[in-house]
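Notes for the one structure printed next.
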Amino acid sequence: MKSIKFILLIIFICQAGCRNKIIKEPVDEATRVKVIEITPETVSIPVHSSGILASSEEMKLSFKTGGIVAKINFRRVIR
């Protein structure tokens, strides 16, 4: 008698575990978005740094007479 009840209990548990539940597929819902027009603009971001500024070419200046240098011409090269 106990074995029959035990077997029926095991069968009932197995049947309950083997049920296929109906899975509802998610419905695509509409999502509102805000659309804006993109406009190009120039933004200058300040750079804060420290270091040594050096040129790629360095020339030694030497003069035969002493005095104050009024002007030094240079050419800026951007790479």
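Just so we're on the same page: first chain in the structure tokens is A, next is B, and so on; residues restart at 1 for each chain, and ligands are numbered from 1 in the order they show up.
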Check your understanding: stretch 52-67 of chain A: which residues within 12 Å, counting only C-alpha atoms, same-chain residues fewer than 5 positions away excluded, as a PyMOL selection string?
Key -> chain A and resi 72+74-79
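Counting from atom CA of A:Val69, the distance to atom CA of A:Ser49 is 29.2 Å.
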Practice item. As a ChimeraX atom specification, please: all residues of chain A that backbone DSSP puts in helix (DSSP H, G or I). Key: /A:2-17
